[in-house]
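Input: a single structure, listed below in structure tokens.
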Protein chains: 2
Amino acid sequence: MKTLASGSVIGMLGGGQLGRMIAMAAAQMGFHTHIYCPYDKNPGEQVTDKLTRESYTDFKALQKFIDDVDVVTYEFENIPLETVNFLTERAVLFPSAKALQISQDRLTEKDFLNNIGLKTAPYAAVSTGRQAVKELEKIGYPAILKTRRFGYDGKGQVIVRSASEVADAFASLGSSQVIIESFINFDLEISVVVARGQDGEIKTFTPFENQHKNHVLDISITPPRLAESLSKEACRMAEKIVAEISYVGVLTVELFISSDEPQLIVNEIAPRVHNSGHLTIEACPTSQFEQHVRAICGLPLGSTQLYAQAVMTNLIGDDILEMNELLRDPKANVHHYGKAEARAGRKMGHVTRLYAFGEKLPL
Amino acid sequence: MKTLASGSVIGMLGGGQLGRMIAMAAAQMGFHTHIYCPYDKNPGEQVTDKLTRESYTDFKALQKFIDDVDVVTYEFENIPLETVNFLTERAVLFPSAKALQISQDRLTEKDFLNNIGLKTAPYAAVSTGRQAVKELEKIGYPAILKTRRFGYDGKGQVIVRSASEVADAFASLGSSQVIIESFINFDLEISVVVARGQDGEIKTFTPFENQHKNHVLDISITPPRLAESLSKEACRMAEKIVAEISYVGVLTVELFISSDEPQLIVNEIAPRVHNSGHLTIEACPTSQFEQHVRAICGLPLGSTQLYAQAVMTNLIGDDILEMNELLRDPKANVHHYGKAEARAGRKMGHVTRLYAFGEKLPL
């Protein structure tokens with residue numbers, strides 16, 4: 001385990017709100033951050049010590065970036081493969097390329113999960129509409145067609161309810177690398193944010209119950225309104241994933257609790273901090289962001305105990321215009337990501353409210 | 001009241017740990033920060049969006065700075081008078097010059113406090129050792145000689161126990177602008193952090209009990225171990241100060257509870273956030289830093305309610321070397337100010353621990 005001294009520089013690919021909040025946690029611990037992001041006016045650049053604004057495949061710029069930092073991490077999983085390889089060969093990269101390989105491809109991800117004994121929706125990889133129809137005879141309708149790579153927030157996926165819809169649905173994805181999944185009827189969606197340190201120590205936050213609106217996370221609640229036994233089992237599943245691949249950093253597992261029988265089905269994993277974990281900033285001694293910094297810097301992991309119940313609400317698009325009103329709510333911890341333009345569907349900020357244990361949540 | 005929209009730029013004089021934590025609070029609310037600080041490697045520069053590294057009396061650089069920002073504030077009170085005047089004439093300055101005029105001179109400060117009916121130690125202004133001896137015949141020994149301007153953390157002051165010590169003590173201060181104060185025997189020292197908004201709204205944090213070591217704050221505890229009636233009276237005194245001068249921003253009042261009779265004596269005021277208020281980051285919905293940002297940006301003030309009891313311990317000099325050990329303490333919220341060199345007596349970071357109400361503090 002290589003422990004980085006304070007003053008060391010954390011290199012981070014990506015300058016979105018996740019990178020921004022990691023940079024702020026790193027600063028609180030006395031680390032410097034160097035953000036690498038091709039986009040102008042990214043939320044991270046306002047709080048980082050250093051910034052490189054170049055393409056992820058500009059290898060000259062990447063080399064200069066590597067030379068300046070002590071460890072490289074990232075805030076998003078869709079990093080080009082050649083960039084991952086370049087970094088793996090030349091830098092200390094946490095989480096490692098393995099986590100990216102698994103999570104960048106829905107087929108690899110599902111194969112991995114099933115291989116280690118975790119349940120997913122029935123699935124199959126297909127490369128033509130005709131093949132999809134054939135596989136769907138086994139899996140049944142309704143089902144979902146998803147591009148294997150580079151999907152997020154409901155993008156790159158489409159539901160099909162009968163064989164007649166498959167050809168158009170397949171064509172709409174614009175890719176021949178497709179996975180079909182059985183549509184899961186679920187009562188509840190939860191996520192588990194887990195961290196594994198360089199020494200193998202693992203700490204898991206209490207799961208978050210997630211509610212979506214238009215395929216984008218709307219509200220997260222912790223503790224989830226779920227039997228304690230299932231909540232604990234979800235944590236054990238997340239811990240199994242990070243142990244299995246000797247993961248270093250924070251990882252998120254999204255799970256469904258199916259309606260048919262009370263069982264946990266893994267939806268997907270993300271090798272990073274997660275929107276549902278934002279409430280850990282106020283609700284826990286250690287936030288998911290600080291936990292990630294601790295893990296990648298070779299420091300002991302922090303406490304994930306809950307101080308209170310917590311509800312996080314995303315501020316999407318114009319929601320952010322309510323900000324000054326929200327500041328009047330004594331319970332509201334308001335976070336603004338510093339994005340200049342409130343485009344529809346864009347994550348502009350979030351609000352976390354804490355409630356004493358036993359207090360009724362206003363939901 | 002001029003409410004600044006998110007994305008506005010807060011200009012701040014000073015890039016120490018106070019400025020750093022104000023910048024981080026500003027970022028969380030979607031504001032940009034432009035720090036103006038003459039010193040290289042200042043803690044604030046790692047988290048600010050923009051930085052000017054010039055002298056406080058470089059008026060050309062100051063003008064450029066003003067042109068870039070929407071409001072000017074500061075993290076320390078010892079700003080040169082000509083700089084204060086320059087800013088007052090050309091920019092929106094919160095807190096205003098009046099607060100600086102009062103707090104930069106111990107005589108002006110004591111006169112102001114007594115004029116509004118608040119009790120201070122008996123005092124007198126003197127400009128020679130002989131004059132000091134004469135005034136001390138009235139005030140009595142022991143007493144303290146202090147330079148009227150630019151003292152902090154016990155610097156610029158010396159105790160005298162008899163007339164024979166006065167001449168040397170006076171000479172050691174290296175200034176003829178001196179104030180003599182009666183030495184107060186006190187049971188407890190507390191501070192009150194109060195905020196006043198542009199619309200006159202006032203919010204006060206629960207007072208902090210402060211313990212010093214070598215004239216530097218060592219530990220702050222809240223709530224203070226003090227009769228509720230005195231605690232409330234201290235808050236009312238702080239509120240009177242900010243109301244009296246139509247102050248905008250966060251202000252700190254240091255008070256003694258005298259041993260002779262249970263009464264509150266104002267020691268000094270600081271027109272800024274304060275070391276003793278760092279525990280508000282974890283212990284309150286709104287930290288002192290966010291509160292300051294809200295006040296100067298024309299936003300409603302936030303809740304100062306306590307979630308729990310809290311104890312803040314400063315990490316001075318080599319204390320910071322314990323950091324990785326502290327990270328193993330599940331109760332410890334560790335803050336590292338990013339200073340490269342751990343010089344003796346230097347404030348390097350702090351730790352805050354929360355304790356449920358009713359829980360016994362380990363003190």
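Residues are named by chain letter and number: chains run A, B, ... in the order of the structure tokens, numbers start at 1 in each chain, and ligands are numbered from 1 in the order shown.
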
Would you mind listing what lies within 7 Å of range 33-36 of chain B as a PDB file with N, CA and C atoms, in the first residue's frame, with only C-alpha atoms counted and same-chain residues fewer than 6 positions away left out?
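Just written: selection02.pdb:
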```pdb
ATOM      1  N   VAL B   9     -19.113  36.432  -9.106  1.00  0.00           N
ATOM      2  CA  VAL B   9     -17.751  36.253  -8.593  1.00  0.00           C
ATOM      3  C   VAL B   9     -17.569  37.002  -7.267  1.00  0.00           C
ATOM      4  N   ILE B  10     -17.161  36.247  -6.249  1.00  0.00           N
ATOM      5  CA  ILE B  10     -16.846  36.843  -4.954  1.00  0.00           C
ATOM      6  C   ILE B  10     -15.351  37.143  -4.934  1.00  0.00           C
ATOM      7  N   GLY B  11     -15.002  38.394  -4.746  1.00  0.00           N
ATOM      8  CA  GLY B  11     -13.599  38.761  -4.618  1.00  0.00           C
ATOM      9  C   GLY B  11     -13.218  38.717  -3.152  1.00  0.00           C
ATOM     10  N   MET B  12     -12.102  38.089  -2.846  1.00  0.00           N
ATOM     11  CA  MET B  12     -11.724  37.976  -1.434  1.00  0.00           C
ATOM     12  C   MET B  12     -10.283  38.383  -1.210  1.00  0.00           C
ATOM     13  N   LEU B  13     -10.069  39.278  -0.265  1.00  0.00           N
ATOM     14  CA  LEU B  13      -8.711  39.631   0.133  1.00  0.00           C
ATOM     15  C   LEU B  13      -8.241  38.603   1.155  1.00  0.00           C
ATOM     16  N   GLY B  14      -7.122  37.951   0.850  1.00  0.00           N
ATOM     17  CA  GLY B  14      -6.573  36.969   1.780  1.00  0.00           C
ATOM     18  C   GLY B  14      -6.812  35.556   1.293  1.00  0.00           C
ATOM     19  N   GLY B  15      -5.769  34.747   1.388  1.00  0.00           N
ATOM     20  CA  GLY B  15      -5.863  33.367   0.908  1.00  0.00           C
ATOM     21  C   GLY B  15      -5.429  32.363   1.962  1.00  0.00           C
ATOM     22  N   ALA B  23     -14.089  30.069   0.229  1.00  0.00           N
ATOM     23  CA  ALA B  23     -14.114  29.754  -1.208  1.00  0.00           C
ATOM     24  C   ALA B  23     -14.808  28.418  -1.458  1.00  0.00           C
ATOM     25  N   THR B  48      -9.617  28.109  -5.388  1.00  0.00           N
ATOM     26  CA  THR B  48     -10.297  29.266  -5.966  1.00  0.00           C
ATOM     27  C   THR B  48     -10.301  29.179  -7.479  1.00  0.00           C
ATOM     28  N   ASP B  49     -11.284  29.848  -8.071  1.00  0.00           N
ATOM     29  CA  ASP B  49     -11.404  29.857  -9.515  1.00  0.00           C
ATOM     30  C   ASP B  49     -10.348  30.774 -10.128  1.00  0.00           C
ATOM     31  N   LYS B  50     -10.164  31.944  -9.509  1.00  0.00           N
ATOM     32  CA  LYS B  50      -9.207  32.916 -10.024  1.00  0.00           C
ATOM     33  C   LYS B  50      -8.329  33.427  -8.893  1.00  0.00           C
ATOM     34  N   LEU B  51      -7.154  33.908  -9.253  1.00  0.00           N
ATOM     35  CA  LEU B  51      -6.178  34.323  -8.254  1.00  0.00           C
ATOM     36  C   LEU B  51      -5.414  35.540  -8.753  1.00  0.00           C
ATOM     37  N   THR B  52      -5.261  36.542  -7.893  1.00  0.00           N
ATOM     38  CA  THR B  52      -4.336  37.637  -8.168  1.00  0.00           C
ATOM     39  C   THR B  52      -3.291  37.613  -7.067  1.00  0.00           C
ATOM     40  N   ARG B  53      -2.024  37.487  -7.458  1.00  0.00           N
ATOM     41  CA  ARG B  53      -0.972  37.463  -6.451  1.00  0.00           C
ATOM     42  C   ARG B  53      -0.191  38.766  -6.513  1.00  0.00           C
TER      43      ARG B  53
END
```

Near-Gly44 in chain A list (7 Å; only C-alpha atoms; drop same-chain fewer than 2 positions) as an MDAnalysis selection string: chainID A and resid 15:17 19:20 42 46:48

Mind writing the picked residues with C-alpha atoms as an mmCIF file, in the first residue's frame?
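Everything below was put into out.cif:
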```
data_model
loop_
_atom_site.group_PDB
_atom_site.id
_atom_site.type_symbol
_atom_site.label_atom_id
_atom_site.label_comp_id
_atom_site.auth_asym_id
_atom_site.auth_seq_id
_atom_site.Cartn_x
_atom_site.Cartn_y
_atom_site.Cartn_z
ATOM 1 C CA GLY A 15 -14.558 17.715 -14.646
ATOM 2 C CA GLY A 16 -18.287 17.191 -14.095
ATOM 3 C CA GLN A 17 -20.057 17.545 -10.761
ATOM 4 C CA GLY A 19 -15.108 15.342 -10.254
ATOM 5 C CA ARG A 20 -15.891 18.688 -8.683
ATOM 6 C CA ASN A 42 -16.592 22.422 -16.617
ATOM 7 C CA GLN A 46 -13.640 26.203 -10.486
ATOM 8 C CA VAL A 47 -12.305 24.233 -7.523
ATOM 9 C CA THR A 48 -9.260 22.405 -8.859
#
```

What's around range 161-172 of chain A at 7 Å? Count only C-alpha atoms, leave out sequence neighbours fewer than 2 positions away in its own chain, and write the answer as a compact mmCIF listing (two decimals) with all heavy atoms, in the first residue's frame.
```txt
# COMPACT_ATOMS: atom_id res chain seq x y z
N GLY A 129 -31.26 -7.37 -35.76
CA GLY A 129 -32.64 -7.38 -35.29
C GLY A 129 -33.21 -8.79 -35.33
O GLY A 129 -33.94 -9.21 -34.43
N VAL A 133 -34.89 -10.96 -32.25
CA VAL A 133 -36.22 -11.59 -32.22
C VAL A 133 -36.12 -13.03 -31.76
O VAL A 133 -36.91 -13.51 -30.94
CB VAL A 133 -36.88 -11.52 -33.62
CG1 VAL A 133 -38.16 -12.35 -33.66
CG2 VAL A 133 -37.19 -10.05 -33.98
N TYR A 141 -41.30 -11.15 -23.63
CA TYR A 141 -41.62 -9.72 -23.69
C TYR A 141 -42.34 -9.31 -22.43
O TYR A 141 -43.01 -10.15 -21.83
CB TYR A 141 -42.47 -9.42 -24.94
CG TYR A 141 -41.72 -9.64 -26.22
CD1 TYR A 141 -41.73 -10.90 -26.86
CD2 TYR A 141 -40.98 -8.61 -26.80
CE1 TYR A 141 -41.02 -11.11 -28.03
CE2 TYR A 141 -40.28 -8.82 -27.98
CZ TYR A 141 -40.30 -10.06 -28.59
OH TYR A 141 -39.61 -10.26 -29.75
N PRO A 142 -42.30 -8.01 -22.01
CA PRO A 142 -41.47 -6.94 -22.56
C PRO A 142 -40.00 -7.17 -22.25
O PRO A 142 -39.66 -7.88 -21.32
CB PRO A 142 -42.00 -5.69 -21.88
CG PRO A 142 -42.59 -6.16 -20.60
CD PRO A 142 -43.09 -7.56 -20.86
N ALA A 143 -39.16 -6.54 -23.07
CA ALA A 143 -37.72 -6.64 -22.87
C ALA A 143 -37.09 -5.29 -23.24
O ALA A 143 -37.77 -4.41 -23.77
CB ALA A 143 -37.14 -7.75 -23.73
N VAL A 158 -34.03 0.96 -25.39
CA VAL A 158 -35.42 1.07 -25.84
C VAL A 158 -36.19 -0.20 -25.44
O VAL A 158 -35.65 -1.30 -25.47
CB VAL A 158 -35.47 1.35 -27.37
CG1 VAL A 158 -34.68 0.31 -28.14
CG2 VAL A 158 -36.89 1.44 -27.89
N ILE A 159 -37.42 -0.01 -25.02
CA ILE A 159 -38.26 -1.14 -24.60
C ILE A 159 -39.00 -1.71 -25.81
O ILE A 159 -39.47 -0.96 -26.66
CB ILE A 159 -39.29 -0.68 -23.54
CG1 ILE A 159 -38.58 -0.24 -22.25
CG2 ILE A 159 -40.29 -1.80 -23.23
CD1 ILE A 159 -39.51 0.20 -21.15
N GLY A 174 -28.65 2.43 -33.43
CA GLY A 174 -27.50 2.87 -34.23
C GLY A 174 -26.22 2.13 -33.90
O GLY A 174 -25.13 2.67 -34.00
```

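If you measure from each of B:His32, B:Lys240, B:Arg106, B:Lys155 to chain A using only C-alpha atoms, the closest one turns out to be B:His32.
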
Kindly assemble as a tab-separated table a list of the chain B residues that lie within 9 Å of chain A, each paired with its nearest atom pair and their distance in Å to one decimal, using only C-alpha atoms, sorted first by chain and then by ascending residue number.
```
residue	atom	partner	partner_atom	distance
B:Ser6	CA	A:Gly338	CA	7.2
B:Gly7	CA	A:Gly338	CA	6.3
B:Met21	CA	A:Gln28	CA	8.8
B:Ala23	CA	A:Val47	CA	8.6
B:Met24	CA	A:Met24	CA	7.2
B:Ala27	CA	A:Val47	CA	7.1
B:Gln28	CA	A:His335	CA	5.2
B:Met29	CA	A:His336	CA	4.9
B:Gly30	CA	A:Gly338	CA	4.2
B:Phe31	CA	A:Gly338	CA	6.7
B:His32	CA	A:Gln46	CA	6.8
B:Thr33	CA	A:Gln46	CA	8.2
B:Glu45	CA	A:Asp49	CA	7.1
B:Gln46	CA	A:Asp49	CA	4.4
B:Val47	CA	A:Val47	CA	4.4
B:Thr48	CA	A:Val47	CA	5.6
B:Asp49	CA	A:Gln46	CA	4.4
B:Lys50	CA	A:Gln46	CA	8.1
B:Glu282	CA	A:Glu282	CA	7.8
B:Pro285	CA	A:Asn333	CA	6.6
B:Thr286	CA	A:Asn333	CA	7.6
B:Arg294	CA	A:Leu327	CA	8.9
B:Leu299	CA	A:Asn324	CA	6.9
B:Pro300	CA	A:Arg328	CA	6.1
B:Leu301	CA	A:Arg328	CA	7.5
B:Gly302	CA	A:Pro330	CA	6.2
B:Ser303	CA	A:Pro330	CA	5.0
B:Thr304	CA	A:Pro330	CA	8.6
B:Gln305	CA	A:Pro330	CA	8.7
B:Asn324	CA	A:Leu299	CA	6.9
B:Glu325	CA	A:Pro300	CA	8.8
B:Leu327	CA	A:Pro300	CA	6.5
B:Arg328	CA	A:Pro300	CA	6.2
B:Asp329	CA	A:Gly302	CA	7.9
B:Pro330	CA	A:Ser303	CA	5.0
B:Lys331	CA	A:Pro285	CA	6.9
B:Ala332	CA	A:Pro285	CA	7.7
B:Asn333	CA	A:Pro285	CA	6.6
B:Val334	CA	A:Met29	CA	6.9
B:His335	CA	A:Gln28	CA	5.2
B:His336	CA	A:Gly30	CA	4.6
B:Tyr337	CA	A:Gly30	CA	5.7
B:Gly338	CA	A:Gly30	CA	4.2
B:Lys339	CA	A:Gly30	CA	7.7
B:Ala340	CA	A:Gly7	CA	6.7
B:Gly349	CA	A:Gly30	CA	8.8
```

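Of the residues in range 208-256 of chain B, those given strand (DSSP E or B) by DSSP on the backbone are Phe208, Glu209, Asn210, Gln211, His212, Lys213, Val216, Leu217, Asp218, Ile219, Ser220, Ile221, Thr222, Gly249, Val250, Leu251, Thr252, Val253, Glu254, Leu255 and Phe256 of chain B.
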
Separation of CA of Val311 in chain A from CA of Leu306 in chain B in Å: 19.0 Å

Name all residues at most 9 Å from Arg236 in chain B (count only C-alpha atoms; drop same-chain ones fewer than 5 positions away) and give them as a ChimeraX atom specification. /B:204,231,241

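CA of Val253 in chain B is found 27.3 Å from CA of Lys360 in chain B.
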